[in-house]
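Trainee: Data file input.pdb (PDB, C-alpha atoms, pLDDT in the B column) is appended below.
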MODEL        1
ATOM      1  CA  MET A   1       0.000   0.000   0.000  1.00 65.00           C
ATOM      2  CA  LYS A   2       2.870   2.359   0.880  1.00 69.00           C
ATOM      3  CA  ASN A   3       4.458   1.738  -2.540  1.00 69.00           C
ATOM      4  CA  LEU A   4       1.131   2.451  -4.263  1.00 65.00           C
ATOM      5  CA  ILE A   5       0.863   5.817  -2.461  1.00 72.00           C
ATOM      6  CA  ILE A   6       4.444   6.703  -3.450  1.00 73.00           C
ATOM      7  CA  ILE A   7       3.710   5.781  -7.083  1.00 68.00           C
ATOM      8  CA  CYS A   8       0.504   7.877  -7.083  1.00 60.00           C
ATOM      9  CA  ILE A   9       2.309  10.892  -5.579  1.00 66.00           C
ATOM     10  CA  THR A  10       5.139  10.520  -8.106  1.00 56.00           C
ATOM     11  CA  LEU A  11       2.670  10.374 -11.008  1.00 53.00           C
ATOM     12  CA  LEU A  12       0.783  13.401  -9.656  1.00 53.00           C
ATOM     13  CA  LEU A  13       3.989  15.434  -9.320  1.00 48.00           C
ATOM     14  CA  ALA A  14       5.096  14.426 -12.825  1.00 47.00           C
ATOM     15  CA  SER A  15       1.686  15.417 -14.179  1.00 47.00           C
ATOM     16  CA  LEU A  16       1.889  18.821 -12.471  1.00 44.00           C
ATOM     17  CA  GLN A  17       5.383  19.364 -13.876  1.00 48.00           C
ATOM     18  CA  ILE A  18       4.225  18.508 -17.413  1.00 45.00           C
ATOM     19  CA  HIS A  19       1.231  20.855 -17.016  1.00 46.00           C
ATOM     20  CA  ALA A  20       3.520  23.677 -15.839  1.00 47.00           C
ATOM     21  CA  GLN A  21       5.821  23.061 -18.830  1.00 48.00           C
ATOM     22  CA  ASP A  22       2.819  23.039 -21.203  1.00 76.00           C
ATOM     23  CA  GLU A  23       1.513  26.284 -19.691  1.00 76.00           C
ATOM     24  CA  GLY A  24       4.953  27.874 -20.047  1.00 82.00           C
ATOM     25  CA  ASP A  25       5.160  26.687 -23.646  1.00 90.00           C
ATOM     26  CA  MET A  26       1.706  28.115 -24.382  1.00 91.00           C
ATOM     27  CA  LYS A  27       2.611  31.482 -22.802  1.00 94.00           C
ATOM     28  CA  ALA A  28       5.734  31.583 -24.979  1.00 94.00           C
ATOM     29  CA  LYS A  29       3.670  30.665 -28.069  1.00 95.00           C
ATOM     30  CA  PHE A  30       1.113  33.424 -27.441  1.00 96.00           C
ATOM     31  CA  ASN A  31       3.821  35.953 -26.571  1.00 95.00           C
ATOM     32  CA  ASP A  32       5.453  35.114 -29.922  1.00 96.00           C
ATOM     33  CA  MET A  33       2.180  35.516 -31.843  1.00 96.00           C
ATOM     34  CA  ASN A  34       1.440  38.765 -29.986  1.00 96.00           C
ATOM     35  CA  SER A  35       4.922  40.086 -30.830  1.00 96.00           C
ATOM     36  CA  LYS A  36       4.256  39.445 -34.523  1.00 97.00           C
ATOM     37  CA  LEU A  37       0.876  41.167 -34.268  1.00 95.00           C
ATOM     38  CA  ALA A  38       2.420  44.155 -32.440  1.00 96.00           C
ATOM     39  CA  LYS A  39       5.102  44.502 -35.128  1.00 97.00           C
ATOM     40  CA  MET A  40       2.420  44.517 -37.826  1.00 95.00           C
ATOM     41  CA  MET A  41       0.574  47.234 -35.917  1.00 93.00           C
ATOM     42  CA  LEU A  42       3.745  49.334 -35.685  1.00 95.00           C
ATOM     43  CA  ASP A  43       4.393  48.779 -39.407  1.00 94.00           C
ATOM     44  CA  ASN A  44       0.768  49.642 -40.305  1.00 91.00           C
ATOM     45  CA  ASP A  45       0.501  46.232 -41.984  1.00 93.00           C
ATOM     46  CA  TYR A  46      -3.306  46.125 -41.967  1.00 91.00           C
ATOM     47  CA  ASP A  47      -3.568  43.057 -44.210  1.00 93.00           C
ATOM     48  CA  GLY A  48      -1.198  41.213 -41.883  1.00 95.00           C
ATOM     49  CA  ILE A  49      -3.215  42.278 -38.851  1.00 95.00           C
ATOM     50  CA  LEU A  50      -6.440  41.062 -40.462  1.00 96.00           C
ATOM     51  CA  SER A  51      -4.837  37.654 -41.090  1.00 96.00           C
ATOM     52  CA  PHE A  52      -4.766  37.140 -37.297  1.00 97.00           C
ATOM     53  CA  TYR A  53      -8.586  37.171 -37.045  1.00 98.00           C
ATOM     54  CA  THR A  54     -11.270  34.570 -37.697  1.00 98.00           C
ATOM     55  CA  ASP A  55     -13.941  35.444 -40.277  1.00 97.00           C
ATOM     56  CA  ASP A  56     -16.456  35.869 -37.424  1.00 98.00           C
ATOM     57  CA  ILE A  57     -14.187  37.968 -35.160  1.00 98.00           C
ATOM     58  CA  ILE A  58     -15.882  39.875 -32.339  1.00 98.00           C
ATOM     59  CA  SER A  59     -13.852  42.873 -31.189  1.00 97.00           C
ATOM     60  CA  LEU A  60     -14.850  44.856 -28.106  1.00 96.00           C
ATOM     61  CA  PRO A  61     -12.742  48.037 -28.194  1.00 93.00           C
ATOM     62  CA  SER A  62     -12.876  50.593 -25.391  1.00 87.00           C
ATOM     63  CA  TYR A  63     -15.123  53.604 -26.017  1.00 85.00           C
ATOM     64  CA  GLN A  64     -16.304  52.258 -29.387  1.00 89.00           C
ATOM     65  CA  PRO A  65     -19.110  49.994 -30.603  1.00 94.00           C
ATOM     66  CA  MET A  66     -18.609  46.259 -30.934  1.00 97.00           C
ATOM     67  CA  VAL A  67     -17.106  45.111 -34.236  1.00 97.00           C
ATOM     68  CA  ARG A  68     -18.482  41.842 -35.668  1.00 98.00           C
ATOM     69  CA  GLY A  69     -16.958  39.997 -38.582  1.00 98.00           C
ATOM     70  CA  LEU A  70     -13.858  40.372 -40.706  1.00 97.00           C
ATOM     71  CA  ASP A  71     -15.475  42.878 -43.109  1.00 97.00           C
ATOM     72  CA  ALA A  72     -16.407  45.183 -40.216  1.00 97.00           C
ATOM     73  CA  MET A  73     -12.898  44.742 -38.772  1.00 96.00           C
ATOM     74  CA  LYS A  74     -11.438  45.748 -42.125  1.00 96.00           C
ATOM     75  CA  LYS A  75     -13.574  48.926 -42.117  1.00 95.00           C
ATOM     76  CA  ALA A  76     -12.455  49.699 -38.543  1.00 93.00           C
ATOM     77  CA  GLN A  77      -8.811  49.207 -39.589  1.00 90.00           C
ATOM     78  CA  GLU A  78      -9.304  51.560 -42.565  1.00 92.00           C
ATOM     79  CA  MET A  79     -10.805  54.220 -40.267  1.00 90.00           C
ATOM     80  CA  ASN A  80      -7.842  53.826 -37.924  1.00 86.00           C
ATOM     81  CA  LYS A  81      -5.441  54.049 -40.864  1.00 86.00           C
ATOM     82  CA  ASN A  82      -7.064  57.300 -42.042  1.00 90.00           C
ATOM     83  CA  SER A  83      -7.303  58.859 -38.562  1.00 89.00           C
ATOM     84  CA  GLY A  84      -3.726  60.163 -38.502  1.00 89.00           C
ATOM     85  CA  THR A  85      -2.921  58.143 -35.390  1.00 90.00           C
ATOM     86  CA  LYS A  86       0.543  56.545 -35.487  1.00 91.00           C
ATOM     87  CA  MET A  87       1.518  53.840 -33.023  1.00 93.00           C
ATOM     88  CA  THR A  88       5.228  54.212 -32.242  1.00 95.00           C
ATOM     89  CA  ALA A  89       5.659  51.560 -29.541  1.00 97.00           C
ATOM     90  CA  PHE A  90       3.539  48.540 -28.643  1.00 96.00           C
ATOM     91  CA  ASP A  91       4.187  45.578 -26.399  1.00 96.00           C
ATOM     92  CA  LEU A  92       1.879  42.753 -25.355  1.00 96.00           C
ATOM     93  CA  ASN A  93       2.735  40.403 -22.496  1.00 96.00           C
ATOM     94  CA  THR A  94       0.795  37.193 -21.924  1.00 96.00           C
ATOM     95  CA  THR A  95       0.394  36.594 -18.183  1.00 96.00           C
ATOM     96  CA  ASP A  96      -2.070  33.696 -18.277  1.00 95.00           C
ATOM     97  CA  VAL A  97      -3.273  31.117 -20.785  1.00 95.00           C
ATOM     98  CA  ILE A  98      -6.405  29.061 -20.214  1.00 94.00           C
ATOM     99  CA  ASP A  99      -6.745  25.969 -22.386  1.00 93.00           C
ATOM    100  CA  ALA A 100     -10.423  25.427 -23.215  1.00 93.00           C
ATOM    101  CA  GLY A 101      -9.931  22.748 -25.866  1.00 92.00           C
ATOM    102  CA  LYS A 102     -10.393  24.341 -29.281  1.00 95.00           C
ATOM    103  CA  TYR A 103     -10.127  27.806 -27.691  1.00 96.00           C
ATOM    104  CA  PHE A 104      -7.278  29.325 -25.745  1.00 96.00           C
ATOM    105  CA  ILE A 105      -7.832  32.377 -23.575  1.00 96.00           C
ATOM    106  CA  ASP A 106      -4.839  34.719 -23.606  1.00 97.00           C
ATOM    107  CA  ILE A 107      -4.864  37.209 -20.722  1.00 97.00           C
ATOM    108  CA  GLY A 108      -2.172  39.829 -20.449  1.00 97.00           C
ATOM    109  CA  THR A 109      -0.996  43.392 -20.277  1.00 98.00           C
ATOM    110  CA  TYR A 110       0.029  45.960 -22.839  1.00 97.00           C
ATOM    111  CA  THR A 111       1.992  49.177 -23.094  1.00 97.00           C
ATOM    112  CA  LEU A 112       1.874  51.490 -26.060  1.00 96.00           C
ATOM    113  CA  THR A 113       2.870  54.908 -27.308  1.00 96.00           C
ATOM    114  CA  MET A 114       0.960  56.775 -30.017  1.00 93.00           C
ATOM    115  CA  ASP A 115       1.245  60.033 -31.853  1.00 93.00           C
ATOM    116  CA  LEU A 116      -2.255  61.496 -32.062  1.00 89.00           C
ATOM    117  CA  PRO A 117      -3.417  64.294 -34.332  1.00 90.00           C
ATOM    118  CA  GLY A 118      -3.528  67.608 -32.469  1.00 88.00           C
ATOM    119  CA  MET A 119      -1.308  66.474 -29.601  1.00 87.00           C
ATOM    120  CA  LYS A 120       2.176  67.905 -29.163  1.00 90.00           C
ATOM    121  CA  MET A 121       3.480  65.018 -27.060  1.00 91.00           C
ATOM    122  CA  PRO A 122       3.095  61.266 -27.602  1.00 93.00           C
ATOM    123  CA  TYR A 123       0.352  59.494 -25.685  1.00 90.00           C
ATOM    124  CA  ASN A 124       1.565  56.673 -23.409  1.00 93.00           C
ATOM    125  CA  ASP A 125      -0.857  54.006 -22.279  1.00 94.00           C
ATOM    126  CA  LYS A 126      -0.842  50.748 -20.366  1.00 96.00           C
ATOM    127  CA  GLY A 127      -3.622  48.324 -19.725  1.00 97.00           C
ATOM    128  CA  LYS A 128      -4.847  44.771 -19.968  1.00 97.00           C
ATOM    129  CA  TYR A 129      -6.433  42.565 -22.606  1.00 97.00           C
ATOM    130  CA  VAL A 130      -8.209  39.262 -23.145  1.00 97.00           C
ATOM    131  CA  SER A 131      -8.030  37.448 -26.474  1.00 98.00           C
ATOM    132  CA  VAL A 132      -9.810  34.206 -27.248  1.00 98.00           C
ATOM    133  CA  TRP A 133      -7.768  32.356 -29.847  1.00 98.00           C
ATOM    134  CA  GLU A 134      -9.386  29.593 -31.894  1.00 97.00           C
ATOM    135  CA  LYS A 135      -7.200  26.684 -32.922  1.00 96.00           C
ATOM    136  CA  GLN A 136      -7.542  26.189 -36.677  1.00 96.00           C
ATOM    137  CA  ASP A 137      -7.641  22.827 -38.472  1.00 95.00           C
ATOM    138  CA  ASP A 138      -4.031  23.334 -39.612  1.00 95.00           C
ATOM    139  CA  GLY A 139      -2.854  23.840 -35.991  1.00 93.00           C
ATOM    140  CA  SER A 140      -2.482  27.630 -36.272  1.00 95.00           C
ATOM    141  CA  PHE A 141      -4.396  30.081 -34.097  1.00 97.00           C
ATOM    142  CA  LYS A 142      -6.630  33.040 -34.948  1.00 98.00           C
ATOM    143  CA  ILE A 143      -8.311  35.561 -32.671  1.00 98.00           C
ATOM    144  CA  LYS A 144     -12.052  34.927 -32.344  1.00 98.00           C
ATOM    145  CA  VAL A 145     -12.831  37.474 -29.588  1.00 98.00           C
ATOM    146  CA  GLU A 146     -10.755  40.336 -28.224  1.00 98.00           C
ATOM    147  CA  THR A 147     -11.129  43.157 -25.762  1.00 97.00           C
ATOM    148  CA  TRP A 148      -8.797  45.541 -24.017  1.00 95.00           C
ATOM    149  CA  ASN A 149      -8.928  48.553 -21.772  1.00 94.00           C
ATOM    150  CA  SER A 150      -6.592  51.080 -20.282  1.00 93.00           C
ATOM    151  CA  ASP A 151      -5.449  51.256 -16.691  1.00 94.00           C
ATOM    152  CA  ILE A 152      -5.653  55.029 -17.124  1.00 89.00           C
ATOM    153  CA  ASN A 153      -8.882  56.738 -16.149  1.00 84.00           C
ATOM    154  CA  PRO A 154      -9.606  59.214 -18.987  1.00 77.00           C
ATOM    155  CA  TRP A 155     -11.723  61.433 -16.765  1.00 78.00           C
ATOM    156  CA  LYS A 156      -8.791  61.961 -14.400  1.00 76.00           C
ATOM    157  CA  MET A 157      -6.544  62.700 -17.399  1.00 66.00           C
ATOM    158  CA  MET A 158      -8.889  65.513 -18.407  1.00 70.00           C
ATOM    159  CA  GLN A 159      -8.397  67.105 -14.991  1.00 71.00           C
ATOM    160  CA  GLY A 160      -4.596  67.319 -15.111  1.00 66.00           C
ATOM    161  CA  GLY A 161      -1.489  66.560 -17.131  1.00 56.00           C
ATOM    162  CA  LYS A 162      -0.101  63.649 -15.125  1.00 57.00           C
ATOM    163  CA  HIS A 163      -1.919  60.608 -13.932  1.00 48.00           C
ATOM    164  CA  GLU A 164      -1.234  58.009 -11.276  1.00 48.00           C
ATOM    165  CA  CYS A 165      -2.897  54.666 -11.899  1.00 45.00           C
ATOM    166  CA  ASP A 166      -5.912  54.059  -9.678  1.00 40.00           C
ATOM    167  CA  HIS A 167      -4.956  50.686  -8.319  1.00 44.00           C
ATOM    168  CA  ASN A 168      -1.995  48.835  -6.899  1.00 42.00           C
ATOM    169  CA  ASP A 169      -1.032  46.119  -9.344  1.00 42.00           C
ATOM    170  CA  ASP A 170       2.595  46.032  -8.242  1.00 42.00           C
ATOM    171  CA  GLU A 171       3.340  42.894  -6.208  1.00 39.00           C
ATOM    172  CA  GLN A 172       4.728  45.043  -3.370  1.00 34.00           C
ATOM    173  CA  GLY A 173       1.460  47.008  -3.304  1.00 35.00           C
ATOM    174  CA  LYS A 174       3.054  50.272  -4.400  1.00 34.00           C
ATOM    175  CA  PRO A 175       1.120  52.299  -6.963  1.00 37.00           C
ATOM    176  CA  GLU A 176       2.802  52.495 -10.334  1.00 42.00           C
ATOM    177  CA  LYS A 177       3.323  55.954 -11.799  1.00 42.00           C
ATOM    178  CA  MET A 178       2.143  56.464 -15.340  1.00 40.00           C
ATOM    179  CA  GLU A 179       2.749  59.697 -17.153  1.00 42.00           C
ATOM    180  CA  THR A 180       0.473  60.750 -19.931  1.00 42.00           C
ATOM    181  CA  HIS A 181       0.745  63.891 -21.984  1.00 44.00           C
ATOM    182  CA  HIS A 182      -2.068  65.722 -23.647  1.00 43.00           C
ATOM    183  CA  LYS A 183      -2.783  69.129 -25.061  1.00 41.00           C
TER     184      LYS A 183
ENDMDL
END
Could you render the structure from this file as structure tokens?
Mentor:
Amino acid sequence: MKNLIIICITLLLASLQIHAQDEGDMKAKFNDMNSKLAKMMLDNDYDGILSFYTDDIISLPSYQPMVRGLDAMKKAQEMNKNSGTKMTAFDLNTTDVIDAGKYFIDIGTYTLTMDLPGMKMPYNDKGKYVSVWEKQDDGSFKIKVETWNSDINPWKMMQGGKHECDHNDDEQGKPEKMETHHK
């Protein structure tokens, strides 16, 4: 009986180690895909960006209506392209991956810098996102659902030039400082 318990504990520990390795591998895979997507965004490669989405994509952008379907996403990309906004830095960091079979939920953080029409200084932002990636028949992944939002409260930004994030997401509990510039 003692040997059976030792065998069961050994198998459980091995299973946990394999799961941790798989989760680490999946985080690395999604970080790699997100890096490619971020580069395309910096390069204004709108066709490349669109290739990351399923035909029935649902996008839930902050402060904008929901976008449904690849054709609507293409129109949204064209509006963004013609807006005069230029992203100059963009980084996505996967913090968690949830394996739901055919779907993988990618949860993470982002930082970005943009030049906006009418603003003298670049706009710096940081926030969080959730992307639901669908595994395709060929083993690749495409984004089926996405949403993101800023850690910066826009109403506080309108009241002054500098902003301190509203919550403590630093592991030591210290608030992170975030500078934003606006006209």
Trainee: Evaluate the PyMOL selection byres ((chain A and resi 77) around 12) on the structure here and hand back the selected residues as a list in words.
Mentor: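 So the PyMOL selection byres ((chain A and resi 77) around 12), applied here, picks out Met41, Asn44, Asp45, Tyr46, Asp47, Gly48, Ile49, Leu50, Ser59, Val67, Leu70, Asp71, Ala72, Met73, Lys74, Lys75, Ala76, Glu78, Met79, Asn80, Lys81, Asn82, Ser83 and Thr85 of chain A.
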Trainee: Quick one: everything within 7 Å of Lys128 (chain A), counting all atoms listed in the file, minus sequence neighbours fewer than 3 positions away in the same chain. Send it as number ranges by chain.
Mentor: A: 108-110, 148-150
Trainee: Using the chain letters and numbers from the file, give me the residues hit by the PyMOL selection byres ((chain A and resi 89) around 8), as JSON, numbers by chain.
Mentor: {"A": [42, 87, 88, 90, 91, 111, 112, 113, 114]}
Trainee: Set up a box along x, y and z of the file covering all listed atoms of region 110-119 of chain A, add 8 Å on every one of the six sides, and write the centre and edge lengths in Å to one decimal, as lines of an AutoDock Vina configuration file.
Mentor:
center_x = -0.3
center_y = 56.8
center_z = -28.6
size_x = 22.4
size_y = 37.6
size_z = 27.5
Trainee: Could you jot down the CA of Gly69 (chain A) to CA of Ser131 (chain A) separation for me, Å, one decimal place?
Mentor: 15.3 Å
Trainee: Looking at all atoms listed in the file, which of A:Lys86, A:Gln159, A:Asn124, A:Gly101 is the one that sits closest to Asp43 (chain A)?
Mentor: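 Going through A:Lys86, A:Gln159, A:Asn124, A:Gly101 one by one, the smallest distance to Asp43 (chain A) is for A:Lys86.
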Trainee: Quick check, in Å to one decimal: how far apart do CA of Trp133 (chain A) and CA of Asp25 (chain A) lie?
Mentor: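 Computing it gives 15.4 Å between the two atoms.
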Trainee: Just give me the gap between CA of Asp106 (chain A) and CA of Asn153 (chain A) in Å, one decimal is fine.
Mentor: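 Going from CA of Asp106 (chain A) over to CA of Asn153 (chain A), I get 23.6 Å.
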Trainee: Convert the output of the PyMOL selection byres ((chain A and resi 104) around 10) on the shown file into explicit residues, formatted as number ranges by chain.
Mentor: A: 26, 30, 97-103, 105-107, 131-135, 141-144
Trainee: Could those selected residues go to a file with C-alpha atoms, as a compact mmCIF listing (two decimals), in the frame of the given file?
Mentor:
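Result file part04.txt:
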# COMPACT_ATOMS: atom_id res chain seq x y z
CA MET A 26 1.71 28.12 -24.38
CA PHE A 30 1.11 33.42 -27.44
CA VAL A 97 -3.27 31.12 -20.78
CA ILE A 98 -6.40 29.06 -20.21
CA ASP A 99 -6.74 25.97 -22.39
CA ALA A 100 -10.42 25.43 -23.22
CA GLY A 101 -9.93 22.75 -25.87
CA LYS A 102 -10.39 24.34 -29.28
CA TYR A 103 -10.13 27.81 -27.69
CA ILE A 105 -7.83 32.38 -23.58
CA ASP A 106 -4.84 34.72 -23.61
CA ILE A 107 -4.86 37.21 -20.72
CA SER A 131 -8.03 37.45 -26.47
CA VAL A 132 -9.81 34.21 -27.25
CA TRP A 133 -7.77 32.36 -29.85
CA GLU A 134 -9.39 29.59 -31.89
CA LYS A 135 -7.20 26.68 -32.92
CA PHE A 141 -4.40 30.08 -34.10
CA LYS A 142 -6.63 33.04 -34.95
CA ILE A 143 -8.31 35.56 -32.67
CA LYS A 144 -12.05 34.93 -32.34
Trainee: Which one of A:Glu146, A:Pro154, A:Thr95, A:Gln136 sits closest to Arg68 (chain A) if you count only C-alpha atoms?
Mentor: A:Glu146
Trainee: Considering all atoms listed in the file, return as number ranges by chain whatever protein or nucleic-acid residues lie within 9 Å of Asn31 (chain A), sequence-local ones (same chain, fewer than 6 positions apart) excluded.
Mentor: A: 92-94
Trainee: Write the selection just made, keeping C-alpha atoms, as a compact mmCIF listing (two decimals), in the frame of the given file?
Mentor:
# COMPACT_ATOMS: atom_id res chain seq x y z
CA LEU A 92 1.88 42.75 -25.36
CA ASN A 93 2.74 40.40 -22.50
CA THR A 94 0.80 37.19 -21.92
Trainee: Pull out region 111-135 of chain A, keep N, CA and C atoms, and write it as a JSON list (two decimals), in the first residue's frame.
Mentor:
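Contents of the output file selection.json:
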[["chain", "number", "residue", "atom", "x", "y", "z"],
["A", 111, "THR", "N", 1.54, 47.79, -23.17],
["A", 111, "THR", "CA", 1.99, 49.18, -23.09],
["A", 111, "THR", "C", 2.09, 49.67, -24.53],
["A", 112, "LEU", "N", 1.77, 50.95, -24.71],
["A", 112, "LEU", "CA", 1.87, 51.49, -26.06],
["A", 112, "LEU", "C", 2.13, 52.98, -26.00],
["A", 113, "THR", "N", 2.67, 53.48, -27.10],
["A", 113, "THR", "CA", 2.87, 54.91, -27.31],
["A", 113, "THR", "C", 2.32, 55.24, -28.68],
["A", 114, "MET", "N", 1.56, 56.36, -28.75],
["A", 114, "MET", "CA", 0.96, 56.77, -30.02],
["A", 114, "MET", "C", 1.16, 58.27, -30.21],
["A", 115, "ASP", "N", 1.33, 58.63, -31.45],
["A", 115, "ASP", "CA", 1.24, 60.03, -31.85],
["A", 115, "ASP", "C", -0.18, 60.25, -32.33],
["A", 116, "LEU", "N", -0.86, 61.22, -31.72],
["A", 116, "LEU", "CA", -2.25, 61.50, -32.06],
["A", 116, "LEU", "C", -2.36, 62.86, -32.71],
["A", 117, "PRO", "N", -3.23, 62.99, -33.70],
["A", 117, "PRO", "CA", -3.42, 64.29, -34.33],
["A", 117, "PRO", "C", -3.83, 65.34, -33.29],
["A", 118, "GLY", "N", -3.19, 66.52, -33.37],
["A", 118, "GLY", "CA", -3.53, 67.61, -32.47],
["A", 118, "GLY", "C", -2.83, 67.58, -31.13],
["A", 119, "MET", "N", -2.02, 66.55, -30.87],
["A", 119, "MET", "CA", -1.31, 66.47, -29.60],
["A", 119, "MET", "C", 0.17, 66.73, -29.85],
["A", 120, "LYS", "N", 0.76, 67.57, -29.01],
["A", 120, "LYS", "CA", 2.18, 67.91, -29.16],
["A", 120, "LYS", "C", 3.08, 66.78, -28.68],
["A", 121, "MET", "N", 2.66, 66.08, -27.65],
["A", 121, "MET", "CA", 3.48, 65.02, -27.06],
["A", 121, "MET", "C", 2.86, 63.65, -27.37],
["A", 122, "PRO", "N", 3.66, 62.61, -27.40],
["A", 122, "PRO", "CA", 3.09, 61.27, -27.60],
["A", 122, "PRO", "C", 2.20, 60.88, -26.43],
["A", 123, "TYR", "N", 1.25, 60.03, -26.70],
["A", 123, "TYR", "CA", 0.35, 59.49, -25.68],
["A", 123, "TYR", "C", 0.88, 58.13, -25.27],
["A", 124, "ASN", "N", 1.10, 57.94, -23.97],
["A", 124, "ASN", "CA", 1.57, 56.67, -23.41],
["A", 124, "ASN", "C", 0.41, 56.01, -22.68],
["A", 125, "ASP", "N", 0.24, 54.73, -22.90],
["A", 125, "ASP", "CA", -0.86, 54.01, -22.28],
["A", 125, "ASP", "C", -0.37, 52.65, -21.80],
["A", 126, "LYS", "N", -1.06, 52.13, -20.81],
["A", 126, "LYS", "CA", -0.84, 50.75, -20.37],
["A", 126, "LYS", "C", -2.17, 50.21, -19.92],
["A", 127, "GLY", "N", -2.35, 48.92, -20.10],
["A", 127, "GLY", "CA", -3.62, 48.32, -19.72],
["A", 127, "GLY", "C", -3.56, 46.82, -19.77],
["A", 128, "LYS", "N", -4.74, 46.23, -19.94],
["A", 128, "LYS", "CA", -4.85, 44.77, -19.97],
["A", 128, "LYS", "C", -5.76, 44.36, -21.11],
["A", 129, "TYR", "N", -5.64, 43.08, -21.49],
["A", 129, "TYR", "CA", -6.43, 42.57, -22.61],
["A", 129, "TYR", "C", -6.83, 41.12, -22.35],
["A", 130, "VAL", "N", -7.83, 40.68, -23.08],
["A", 130, "VAL", "CA", -8.21, 39.26, -23.15],
["A", 130, "VAL", "C", -8.45, 38.96, -24.62],
["A", 131, "SER", "N", -7.80, 37.93, -25.11],
["A", 131, "SER", "CA", -8.03, 37.45, -26.47],
["A", 131, "SER", "C", -8.41, 35.98, -26.41],
["A", 132, "VAL", "N", -9.43, 35.61, -27.13],
["A", 132, "VAL", "CA", -9.81, 34.21, -27.25],
["A", 132, "VAL", "C", -9.33, 33.76, -28.62],
["A", 133, "TRP", "N", -8.35, 32.88, -28.61],
["A", 133, "TRP", "CA", -7.77, 32.36, -29.85],
["A", 133, "TRP", "C", -8.44, 31.03, -30.17],
["A", 134, "GLU", "N", -8.79, 30.84, -31.44],
["A", 134, "GLU", "CA", -9.39, 29.59, -31.89],
["A", 134, "GLU", "C", -8.32, 28.80, -32.64],
["A", 135, "LYS", "N", -8.15, 27.55, -32.23],
["A", 135, "LYS", "CA", -7.20, 26.68, -32.92],
["A", 135, "LYS", "C", -7.81, 26.26, -34.25]]
